[in-house]
file my_file_5.pdb (PDB, C-alpha atoms)
ATOM      1  CA  MET O   1     -18.946   6.973  -6.154
ATOM      2  CA  MET O   2     -16.992   5.681  -3.156
ATOM      3  CA  SER O   3     -19.297   2.687  -2.745
ATOM      4  CA  LEU O   4     -18.836   1.926  -6.439
ATOM      5  CA  LEU O   5     -15.059   2.129  -6.098
ATOM      6  CA  ARG O   6     -15.073  -0.136  -3.056
ATOM      7  CA  ALA O   7     -17.139  -2.690  -4.919
ATOM      8  CA  GLU O   8     -14.843  -2.522  -7.955
ATOM      9  CA  PHE O   9     -11.707  -2.898  -5.846
ATOM     10  CA  ARG O  10     -13.220  -5.956  -4.172
ATOM     11  CA  LYS O  11     -13.742  -7.453  -7.629
ATOM     12  CA  LEU O  12      -9.991  -7.235  -8.221
ATOM     13  CA  ILE O  13      -9.413  -9.884  -5.548
ATOM     14  CA  ARG O  14      -9.558 -12.759  -7.989
ATOM     15  CA  PRO O  15      -7.036 -15.379  -9.186
ATOM     16  CA  LEU O  16      -6.698 -13.801 -12.632
ATOM     17  CA  VAL O  17      -5.512 -10.480 -11.194
ATOM     18  CA  TRP O  18      -3.066 -11.644  -8.567
ATOM     19  CA  GLY O  19      -1.922 -14.526 -10.771
ATOM     20  CA  SER O  20      -1.095 -12.092 -13.581
ATOM     21  CA  GLY O  21       0.722  -9.830 -11.146
ATOM     22  CA  LEU O  22       2.785 -12.709  -9.779
ATOM     23  CA  ALA O  23       3.627 -13.850 -13.302
ATOM     24  CA  VAL O  24       4.876 -10.385 -14.301
ATOM     25  CA  THR O  25       6.885 -10.071 -11.083
ATOM     26  CA  GLY O  26       8.385 -13.517 -11.629
ATOM     27  CA  PHE O  27       9.253 -12.591 -15.207
ATOM     28  CA  CYS O  28      11.078  -9.452 -14.037
ATOM     29  CA  LEU O  29      12.941 -11.488 -11.431
ATOM     30  CA  LEU O  30      13.932 -14.099 -14.004
ATOM     31  CA  ILE O  31      15.103 -11.435 -16.450
ATOM     32  CA  THR O  32      17.232  -9.770 -13.769
ATOM     33  CA  TRP O  33      18.853 -13.087 -12.870
ATOM     34  CA  GLY O  34      19.465 -13.903 -16.529
ATOM     35  CA  VAL O  35      21.052 -10.525 -17.279
ATOM     36  CA  ALA O  36      23.302 -10.860 -14.232
ATOM     37  CA  ASN O  37      24.435 -14.282 -15.431
ATOM     38  CA  ASN O  38      25.066 -12.948 -18.923
ATOM     39  CA  ALA O  39      27.148 -10.100 -17.500
ATOM     40  CA  ARG O  40      29.199 -12.555 -15.463
ATOM     41  CA  GLY O  41      29.714 -14.729 -18.532
ATOM     42  CA  GLY O  42      30.735 -11.706 -20.600
ATOM     43  CA  MET O  43      33.321 -10.763 -17.972
ATOM     44  CA  ALA O  44      34.730 -14.304 -17.963
ATOM     45  CA  SER O  45      34.787 -14.558 -21.772
ATOM     46  CA  PRO O  46      34.834 -11.080 -23.332
ATOM     47  CA  ARG O  47      34.318 -10.690 -27.049
ATOM     48  CA  ILE O  48      37.730 -10.729 -28.697
ATOM     49  CA  PRO O  49      38.172 -10.639 -32.502
ATOM     50  CA  ASP O  50      39.289 -13.942 -33.968
ATOM     51  CA  VAL O  51      42.349 -12.322 -35.458
ATOM     52  CA  CYS O  52      43.589 -11.505 -31.960
ATOM     53  CA  ALA O  53      42.677 -14.846 -30.383
ATOM     54  CA  SER O  54      46.211 -16.184 -30.755
ATOM     55  CA  ALA O  55      48.135 -13.138 -31.932
ATOM     56  CA  ALA O  56      50.672 -11.451 -29.655
ATOM     57  CA  THR O  57      51.015  -8.090 -31.352
ATOM     58  CA  ALA O  58      50.902  -4.905 -29.335
ATOM     59  CA  GLN O  59      47.697  -3.813 -31.064
ATOM     60  CA  CYS O  60      45.968  -7.110 -30.240
ATOM     61  CA  ARG O  61      47.091  -6.883 -26.626
ATOM     62  CA  HIS O  62      45.484  -3.462 -26.519
ATOM     63  CA  VAL O  63      42.282  -4.828 -28.070
ATOM     64  CA  ILE O  64      42.160  -7.699 -25.558
ATOM     65  CA  ALA O  65      42.759  -5.385 -22.607
ATOM     66  CA  HIS O  66      40.039  -3.039 -23.847
ATOM     67  CA  ALA O  67      37.600  -5.977 -24.229
ATOM     68  CA  HIS O  68      38.266  -7.145 -20.671
ATOM     69  CA  ALA O  69      37.846  -3.616 -19.303
ATOM     70  CA  ALA O  70      34.587  -3.100 -21.210
ATOM     71  CA  ALA O  71      33.197  -6.439 -20.000
ATOM     72  CA  ARG O  72      34.093  -5.615 -16.401
ATOM     73  CA  ALA O  73      32.531  -2.170 -16.694
ATOM     74  CA  ALA O  74      29.326  -3.717 -18.079
ATOM     75  CA  ALA O  75      29.277  -6.251 -15.238
ATOM     76  CA  THR O  76      29.777  -3.490 -12.664
ATOM     77  CA  ALA O  77      26.951  -1.453 -14.199
ATOM     78  CA  THR O  78      24.680  -4.510 -14.121
ATOM     79  CA  GLY O  79      25.559  -5.097 -10.480
ATOM     80  CA  ALA O  80      24.766  -1.469  -9.656
ATOM     81  CA  LEU O  81      21.429  -1.703 -11.492
ATOM     82  CA  ALA O  82      20.467  -4.685  -9.316
ATOM     83  CA  GLN O  83      20.842  -2.690  -6.087
ATOM     84  CA  PRO O  84      17.638  -1.602  -4.277
ATOM     85  CA  GLY O  85      18.006   2.062  -5.234
ATOM     86  CA  GLU O  86      18.587   1.527  -8.949
ATOM     87  CA  ILE O  87      16.447  -1.543  -9.509
ATOM     88  CA  GLY O  88      13.320   0.589  -9.546
ATOM     89  CA  HIS O  89      14.288   1.345 -13.151
ATOM     90  CA  VAL O  90      13.797  -2.335 -13.958
ATOM     91  CA  ALA O  91      10.330  -2.482 -12.359
ATOM     92  CA  ALA O  92       9.260   0.805 -13.971
ATOM     93  CA  GLY O  93      10.653  -0.032 -17.402
ATOM     94  CA  MET O  94       9.130  -3.488 -17.487
ATOM     95  CA  LEU O  95       5.682  -2.372 -16.352
ATOM     96  CA  ALA O  96       5.748   0.500 -18.876
ATOM     97  CA  SER O  97       6.472  -1.921 -21.717
ATOM     98  CA  LEU O  98       5.165  -5.271 -22.942
ATOM     99  CA  PRO O  99       4.923  -7.058 -19.548
ATOM    100  CA  GLY O 100       2.799  -4.192 -18.198
ATOM    101  CA  LEU O 101       0.678  -4.188 -21.342
ATOM    102  CA  VAL O 102       0.010  -7.915 -20.994
ATOM    103  CA  LEU O 103      -0.882  -7.445 -17.325
ATOM    104  CA  ILE O 104      -3.357  -4.630 -18.060
ATOM    105  CA  ALA O 105      -4.880  -6.544 -20.972
ATOM    106  CA  LEU O 106      -5.474  -9.630 -18.805
ATOM    107  CA  VAL O 107      -6.852  -7.641 -15.867
ATOM    108  CA  ALA O 108      -9.151  -5.611 -18.121
ATOM    109  CA  GLY O 109     -10.394  -8.765 -19.807
ATOM    110  CA  GLY O 110     -11.508 -10.318 -16.548
ATOM    111  CA  HIS O 111     -12.460  -7.166 -14.668
ATOM    112  CA  TRP O 112     -14.286  -5.269 -17.421
ATOM    113  CA  GLY O 113     -14.858  -7.430 -20.500
ATOM    114  CA  GLY O 114     -16.014 -10.250 -18.258
ATOM    115  CA  GLU O 115     -18.969  -8.140 -17.092
ATOM    116  CA  TRP O 116     -20.644  -8.970 -20.392
ATOM    117  CA  GLY O 117     -19.470 -12.574 -20.554
ATOM    118  CA  GLN O 118     -20.765 -13.262 -17.042
ATOM    119  CA  ARG O 119     -23.937 -11.218 -17.707
ATOM    120  CA  THR O 120     -23.353  -8.974 -14.693
ATOM    121  CA  ILE O 121     -23.325  -5.672 -16.588
ATOM    122  CA  ARG O 122     -27.059  -5.111 -16.066
ATOM    123  CA  GLN O 123     -26.673  -5.602 -12.309
ATOM    124  CA  LEU O 124     -23.801  -3.116 -12.294
ATOM    125  CA  LEU O 125     -25.818  -0.484 -14.138
ATOM    126  CA  SER O 126     -28.855  -1.063 -11.933
ATOM    127  CA  ARG O 127     -26.740  -0.102  -8.921
ATOM    128  CA  GLN O 128     -25.026   2.825 -10.661
ATOM    129  CA  GLY O 129     -26.891   4.274 -13.593
ATOM    130  CA  ARG O 130     -24.351   6.999 -14.382
ATOM    131  CA  ARG O 131     -22.276   5.256 -16.993
ATOM    132  CA  GLY O 132     -19.510   7.842 -16.912
ATOM    133  CA  LEU O 133     -18.859   6.946 -13.267
ATOM    134  CA  VAL O 134     -18.810   3.249 -14.128
ATOM    135  CA  LEU O 135     -16.189   3.854 -16.807
ATOM    136  CA  ALA O 136     -14.125   6.005 -14.430
ATOM    137  CA  ALA O 137     -14.268   3.325 -11.724
ATOM    138  CA  LYS O 138     -13.232   0.603 -14.152
ATOM    139  CA  TRP O 139     -10.349   2.678 -15.493
ATOM    140  CA  LEU O 140      -9.162   3.602 -11.999
ATOM    141  CA  THR O 141      -9.208   0.039 -10.678
ATOM    142  CA  ILE O 142      -7.482  -1.403 -13.755
ATOM    143  CA  TRP O 143      -4.818   1.298 -13.484
ATOM    144  CA  ALA O 144      -4.448   0.704  -9.738
ATOM    145  CA  ALA O 145      -3.812  -3.002 -10.366
ATOM    146  CA  GLY O 146      -0.954  -2.077 -12.687
ATOM    147  CA  VAL O 147       0.581   0.433 -10.264
ATOM    148  CA  ALA O 148       0.293  -2.001  -7.352
ATOM    149  CA  THR O 149       2.039  -4.681  -9.394
ATOM    150  CA  MET O 150       4.857  -2.266 -10.240
ATOM    151  CA  LEU O 151       5.389  -1.417  -6.564
ATOM    152  CA  ILE O 152       5.296  -5.069  -5.529
ATOM    153  CA  CYS O 153       7.721  -5.920  -8.328
ATOM    154  CA  TRP O 154      10.083  -3.193  -7.122
ATOM    155  CA  VAL O 155      10.008  -4.520  -3.559
ATOM    156  CA  VAL O 156      10.650  -8.109  -4.678
ATOM    157  CA  LEU O 157      13.506  -7.066  -6.963
ATOM    158  CA  ALA O 158      14.992  -4.850  -4.241
ATOM    159  CA  LEU O 159      15.072  -7.830  -1.898
ATOM    160  CA  ALA O 160      16.339 -10.295  -4.481
ATOM    161  CA  GLY O 161      18.781  -8.053  -6.383
ATOM    162  CA  PRO O 162      21.728  -7.989  -3.935
ATOM    163  CA  PRO O 163      21.652 -11.787  -3.341
ATOM    164  CA  ILE O 164      21.554 -12.318  -7.115
ATOM    165  CA  VAL O 165      24.607 -10.090  -7.579
ATOM    166  CA  ALA O 166      26.452 -11.819  -4.750
ATOM    167  CA  GLY O 167      25.481 -15.302  -5.920
ATOM    168  CA  VAL O 168      26.457 -14.698  -9.530
ATOM    169  CA  GLY O 169      29.708 -13.031  -8.520
ATOM    170  CA  LEU O 170      29.410  -9.628 -10.179
ATOM    171  CA  PRO O 171      31.810  -6.889  -9.062
ATOM    172  CA  THR O 172      30.199  -4.495  -6.624
ATOM    173  CA  ALA O 173      29.989  -0.766  -7.231
ATOM    174  CA  HIS O 174      31.274   1.692  -4.644
ATOM    175  CA  ALA O 175      27.917   3.471  -4.443
ATOM    176  CA  GLY O 176      25.550   2.668  -1.591
ATOM    177  CA  LEU O 177      22.584   0.337  -1.741
ATOM    178  CA  TRP O 178      20.121   3.226  -2.117
ATOM    179  CA  ALA O 179      22.082   5.219  -4.680
ATOM    180  CA  GLY O 180      19.846   6.237  -7.583
ATOM    181  CA  LEU O 181      16.635   6.011  -5.561
ATOM    182  CA  GLY O 182      15.473   9.430  -6.736
ATOM    183  CA  SER O 183      15.819   8.555 -10.411
ATOM    184  CA  SER O 184      14.025   5.250  -9.786
ATOM    185  CA  VAL O 185      11.110   7.087  -8.170
ATOM    186  CA  ALA O 186      10.963   9.449 -11.161
ATOM    187  CA  ALA O 187      10.954   6.483 -13.563
ATOM    188  CA  ALA O 188       8.168   4.831 -11.568
ATOM    189  CA  GLY O 189       6.130   8.044 -11.762
ATOM    190  CA  ARG O 190       6.496   8.137 -15.540
ATOM    191  CA  ALA O 191       5.623   4.448 -15.745
ATOM    192  CA  ALA O 192       2.444   5.084 -13.741
ATOM    193  CA  LEU O 193       1.256   7.436 -16.493
ATOM    194  CA  VAL O 194       2.004   4.804 -19.139
ATOM    195  CA  LEU O 195      -0.032   2.305 -17.145
ATOM    196  CA  GLY O 196      -2.829   4.883 -17.098
ATOM    197  CA  LEU O 197      -2.682   4.987 -20.896
ATOM    198  CA  PHE O 198      -2.788   1.191 -21.091
ATOM    199  CA  ALA O 199      -5.786   1.196 -18.742
ATOM    200  CA  ALA O 200      -7.603   3.856 -20.791
ATOM    201  CA  VAL O 201      -7.224   1.847 -23.993
ATOM    202  CA  ALA O 202      -8.227  -1.327 -22.134
ATOM    203  CA  THR O 203     -11.376   0.368 -20.800
ATOM    204  CA  ALA O 204     -12.305   1.455 -24.311
ATOM    205  CA  ALA O 205     -11.559  -2.039 -25.596
ATOM    206  CA  GLY O 206     -13.956  -3.494 -23.026
ATOM    207  CA  THR O 207     -16.816  -1.285 -24.149
ATOM    208  CA  ILE O 208     -16.192  -2.247 -27.787
ATOM    209  CA  ALA O 209     -15.313  -5.934 -27.526
ATOM    210  CA  ARG O 210     -17.733  -6.777 -24.663
ATOM    211  CA  GLY O 211     -16.110 -10.076 -23.782
ATOM    212  CA  GLN O 212     -13.154 -11.270 -21.705
ATOM    213  CA  LEU O 213     -10.938 -12.742 -24.409
ATOM    214  CA  ALA O 214     -11.959 -10.121 -26.954
ATOM    215  CA  THR O 215     -11.081  -7.295 -24.550
ATOM    216  CA  THR O 216      -7.674  -8.804 -23.803
ATOM    217  CA  ALA O 217      -6.936  -9.380 -27.480
ATOM    218  CA  LEU O 218      -8.087  -5.912 -28.562
ATOM    219  CA  THR O 219      -6.070  -4.151 -25.853
ATOM    220  CA  ALA O 220      -2.890  -6.018 -26.711
ATOM    221  CA  GLY O 221      -3.532  -5.755 -30.448
ATOM    222  CA  VAL O 222      -3.812  -1.956 -30.386
ATOM    223  CA  PHE O 223      -0.345  -1.527 -28.905
ATOM    224  CA  LEU O 224       1.256  -4.318 -30.903
ATOM    225  CA  LEU O 225       0.025  -2.539 -34.025
ATOM    226  CA  ALA O 226       1.418   0.704 -32.605
ATOM    227  CA  LEU O 227       4.810  -0.974 -32.180
ATOM    228  CA  LEU O 228       4.764  -2.047 -35.821
ATOM    229  CA  LEU O 229       3.784   1.455 -36.952
ATOM    230  CA  ALA O 230       6.610   2.964 -34.880
ATOM    231  CA  GLY O 231       9.121   1.372 -37.238
ATOM    232  CA  ILE O 232       7.614   2.985 -40.349
ATOM    233  CA  SER O 233       9.399   6.240 -41.097
ATOM    234  CA  SER O 234       6.380   8.013 -42.562
ATOM    235  CA  VAL O 235       4.018   7.472 -39.607
ATOM    236  CA  GLY O 236       6.295   6.301 -36.786
ATOM    237  CA  ARG O 237       6.318   9.642 -34.977
ATOM    238  CA  LEU O 238       2.526   9.501 -34.637
ATOM    239  CA  SER O 239       2.472   6.035 -33.096
ATOM    240  CA  PRO O 240       1.542   5.682 -29.414
ATOM    241  CA  ALA O 241       4.526   3.326 -29.127
ATOM    242  CA  SER O 242       6.847   6.193 -30.053
ATOM    243  CA  PHE O 243       5.114   8.419 -27.503
ATOM    244  CA  ILE O 244       5.726   5.847 -24.768
ATOM    245  CA  GLN O 245       9.340   5.347 -25.786
ATOM    246  CA  ALA O 246       9.972   9.095 -25.715
ATOM    247  CA  TRP O 247       8.181   9.662 -22.391
ATOM    248  CA  MET O 248      10.033   6.820 -20.679
ATOM    249  CA  SER O 249      13.347   7.803 -22.323
ATOM    250  CA  PHE O 250      13.849   4.278 -23.601
ATOM    251  CA  ALA O 251      17.059   4.364 -25.629
ATOM    252  CA  ALA O 252      16.717   3.019 -29.157
ATOM    253  CA  THR O 253      19.593   0.615 -28.404
ATOM    254  CA  GLY O 254      18.410  -0.190 -24.880
ATOM    255  CA  TYR O 255      16.865  -3.504 -23.994
ATOM    256  CA  LEU O 256      16.679  -5.866 -21.087
ATOM    257  CA  PRO O 257      16.430  -5.549 -18.197
ATOM    258  CA  THR O 258      15.355  -1.898 -18.267
ATOM    259  CA  ASN O 259      12.572  -2.271 -20.833
ATOM    260  CA  PHE O 260      10.874  -4.715 -23.170
ATOM    261  CA  TRP O 261       9.872  -2.152 -25.768
ATOM    262  CA  SER O 262      12.728  -0.589 -27.767
ATOM    263  CA  ARG O 263      13.643  -3.804 -29.557
ATOM    264  CA  PHE O 264      10.137  -4.054 -31.025
ATOM    265  CA  ALA O 265       9.731  -0.428 -32.057
ATOM    266  CA  GLY O 266      11.696  -0.887 -35.260
ATOM    267  CA  SER O 267      14.099   1.930 -36.036
ATOM    268  CA  GLY O 268      12.265   4.156 -33.565
ATOM    269  CA  GLN O 269      11.128   7.662 -34.368
ATOM    270  CA  HIS O 270      12.720  10.217 -32.058
ATOM    271  CA  VAL O 271      10.351  12.687 -30.421
ATOM    272  CA  GLY O 272      10.884  14.781 -27.331
ATOM    273  CA  GLN O 273       9.750  13.719 -23.868
ATOM    274  CA  LEU O 274       7.162  16.496 -23.670
ATOM    275  CA  ALA O 275       5.844  15.570 -27.120
ATOM    276  CA  GLY O 276       5.614  11.990 -25.913
ATOM    277  CA  LEU O 277       3.547  13.059 -22.913
ATOM    278  CA  MET O 278       1.253  15.125 -25.113
ATOM    279  CA  GLY O 279       0.847  12.228 -27.533
ATOM    280  CA  MET O 280      -0.017   9.865 -24.679
ATOM    281  CA  THR O 281      -2.540  12.374 -23.327
ATOM    282  CA  ILE O 282      -4.227  12.705 -26.721
ATOM    283  CA  THR O 283      -4.296   8.921 -27.158
ATOM    284  CA  ALA O 284      -5.864   8.423 -23.708
ATOM    285  CA  THR O 285      -8.413  11.173 -24.407
ATOM    286  CA  VAL O 286      -9.423   9.566 -27.701
ATOM    287  CA  ALA O 287      -9.762   6.208 -25.939
ATOM    288  CA  GLY O 288     -11.907   7.778 -23.217
ATOM    289  CA  LEU O 289     -14.200   9.469 -25.728
ATOM    290  CA  ALA O 290     -14.549   6.226 -27.694
ATOM    291  CA  ALA O 291     -15.429   4.356 -24.510
ATOM    292  CA  ARG O 292     -17.991   6.974 -23.488
ATOM    293  CA  TRP O 293     -19.603   6.988 -26.933
ATOM    294  CA  ARG O 294     -19.770   3.193 -27.187
ATOM    295  CA  PHE O 295     -20.984   2.718 -23.629
ATOM    296  CA  ALA O 296     -23.823   5.152 -24.244
ATOM    297  CA  ALA O 297     -25.370   2.578 -26.586
ATOM    298  CA  ASP O 298     -27.910   0.064 -25.288
ATOM    299  CA  VAL O 299     -26.346  -2.712 -23.248
ATOM    300  CA  THR O 300     -27.171  -6.246 -24.350
ATOM    301  CA  ALA O 301     -26.589  -9.080 -21.940
TER     302      ALA O 301
END

call {"tool": "encode", "arguments": {"input": "my_file_5.pdb", "output": "structure tokens"}}
result
Amino acid sequence: MMSLLRAEFRKLIRPLVWGSGLAVTGFCLLITWGVANNARGGMASPRIPDVCASAATAQCRHVIAHAHAAARAAATATGALAQPGEIGHVAAGMLASLPGLVLIALVAGGHWGGEWGQRTIRQLLSRQGRRGLVLAAKWLTIWAAGVATMLICWVVLALAGPPIVAGVGLPTAHAGLWAGLGSSVAAAGRAALVLGLFAAVATAAGTIARGQLATTALTAGVFLLALLLAGISSVGRLSPASFIQAWMSFAATGYLPTNFWSRFAGSGQHVGQLAGLMGMTITATVAGLAARWRFAADVTA
């Protein structure tokens, strides 16, 4: 098993894998910079009702003062989120939502679906005939690529966050640089389980699609369909997208930069965090059983 794992990890050292990881990390960095700029712009030009734009009544003065205070509070919160301790929420939330899904789909396409496209599946099975171990090794390495990308993304954001805040000119919070580190670690742990779910579905998709592009498309398509189903009141609670949203505690009104999921889940069906974990576990189990059943069939090169 260890020799199989070493061989599979060596296969991850390819342009598709590290290129996808760099792209996701760059996307998270760009989003953080954009949100910081938006917060600075909101503080400079808070939203004031048109009726109070030129009025001098006491009520309008109160409305204007409240708008300025709210914009400054939002800018301060954004600045705090960009500090090394808190910014782990950004890395975890992004990798547990659409950017992480795209990463896993691309990695699985090249790392697993490509075994059929490159006609190397027979060689793999000749070295390791126990197909259950092959599936486990593929799942583990795909999942490890996602977790490694999340950790690298966190490090990059932790280094870039304070300069972004200083360069944009956001007000600084009184908390220290590492405030909120514990909650960020907890969020990263929850995100690791979501990445495991993505990897399980991707492994099953590889055994069904048996091609690089088909594996990528099937993996992404399953969760995009789940996002659509999450917005349907009659079945939304049973959607894997709702399970992920509940497990990660993505607020229905939350959005960038802490996740790229809630906006696409429609109205969102509220389930508890434990129910979300159970739903994710069942979904991953079904994916694993489907992969095992399909992979037991004869392999055609």

call {"tool": "resolve_selection", "arguments": {"input": "my_file_5.pdb", "expression": "the PyMOL selection byres ((chain O and resi 292) around 10)", "output": "ChimeraX atom specification"}}
result
/O:131-132,135-136,203-204,207,286-291,293-297

call {"tool": "resolve_selection", "arguments": {"input": "my_file_5.pdb", "expression": "the PyMOL selection byres ((chain O and resi 79) around 8)", "output": "ChimeraX atom specification"}}
result
/O:36,75-78,80-83,165,170-173

call {"tool": "resolve_selection", "arguments": {"input": "my_file_5.pdb", "expression": "the PyMOL selection byres ((chain O and resi 116) around 9)", "output": "list in words"}}
result
Trp112, Gly113, Gly114, Glu115, Gly117, Gln118, Arg119, Thr120, Ile121, Arg122, Arg210, Gly211, Gln212, Val299, Thr300 and Ala301 of chain O

call {"tool": "residues_around", "arguments": {"input": "my_file_5.pdb", "residues": "stretch 58-73 of chain O", "least_positions_apart": "2", "cutoff": "9 Å", "atoms": "only C-alpha atoms", "output": "PDB file with C-alpha atoms, in the coordinates of the input"}}
result
ATOM      1  CA  ALA O  39      27.148 -10.100 -17.500  1.00  0.00           C
ATOM      2  CA  ARG O  40      29.199 -12.555 -15.463  1.00  0.00           C
ATOM      3  CA  GLY O  42      30.735 -11.706 -20.600  1.00  0.00           C
ATOM      4  CA  MET O  43      33.321 -10.763 -17.972  1.00  0.00           C
ATOM      5  CA  ALA O  44      34.730 -14.304 -17.963  1.00  0.00           C
ATOM      6  CA  SER O  45      34.787 -14.558 -21.772  1.00  0.00           C
ATOM      7  CA  PRO O  46      34.834 -11.080 -23.332  1.00  0.00           C
ATOM      8  CA  ARG O  47      34.318 -10.690 -27.049  1.00  0.00           C
ATOM      9  CA  ILE O  48      37.730 -10.729 -28.697  1.00  0.00           C
ATOM     10  CA  PRO O  49      38.172 -10.639 -32.502  1.00  0.00           C
ATOM     11  CA  VAL O  51      42.349 -12.322 -35.458  1.00  0.00           C
ATOM     12  CA  CYS O  52      43.589 -11.505 -31.960  1.00  0.00           C
ATOM     13  CA  ALA O  53      42.677 -14.846 -30.383  1.00  0.00           C
ATOM     14  CA  ALA O  55      48.135 -13.138 -31.932  1.00  0.00           C
ATOM     15  CA  ALA O  56      50.672 -11.451 -29.655  1.00  0.00           C
ATOM     16  CA  ALA O  75      29.277  -6.251 -15.238  1.00  0.00           C
ATOM     17  CA  THR O  76      29.777  -3.490 -12.664  1.00  0.00           C
ATOM     18  CA  ALA O  77      26.951  -1.453 -14.199  1.00  0.00           C
ATOM     19  CA  THR O  78      24.680  -4.510 -14.121  1.00  0.00           C
ATOM     20  CA  LEU O 170      29.410  -9.628 -10.179  1.00  0.00           C
ATOM     21  CA  PRO O 171      31.810  -6.889  -9.062  1.00  0.00           C
TER      22      PRO O 171
END

call {"tool": "residues_around", "arguments": {"input": "my_file_5.pdb", "residues": "O:Val134", "least_positions_apart": "6", "cutoff": "9 Å", "atoms": "only C-alpha atoms", "output": "PyMOL selection string"}}
result
chain O and resi 1+4-5+124-125+128

call {"tool": "residues_around", "arguments": {"input": "my_file_5.pdb", "residues": "O:Ala91", "least_positions_apart": "5", "cutoff": "8 Å", "atoms": "all atoms listed in the file", "output": "list in words"}}
result
Cys28, Met150, Leu151, Cys153, Trp154, Leu157, Ala188 and Thr258 of chain O

call {"tool": "atom_distance", "arguments": {"input": "my_file_5.pdb", "atom1": "atom CA of O:Trp143", "atom2": "atom CA of O:Leu195"}}
result
6.1 Å

call {"tool": "closest_residue", "arguments": {"input": "my_file_5.pdb", "among": "O:His89, O:Phe9, O:Phe260, O:Arg190", "to": "O:Gln273", "atoms": "only C-alpha atoms"}}
result
O:Arg190

call {"tool": "closest_residue", "arguments": {"input": "my_file_5.pdb", "among": "O:Leu133, O:Ala187, O:Ala199, O:Ile87", "to": "O:Ala160", "atoms": "all atoms listed in the file"}}
result
O:Ile87

call {"tool": "residues_near_point", "arguments": {"input": "my_file_5.pdb", "point": "(22.8, 5.4, -10.8)", "cutoff": "7 Å", "atoms": "only C-alpha atoms", "output": "PyMOL selection string"}}
result
chain O and resi 86+179-180
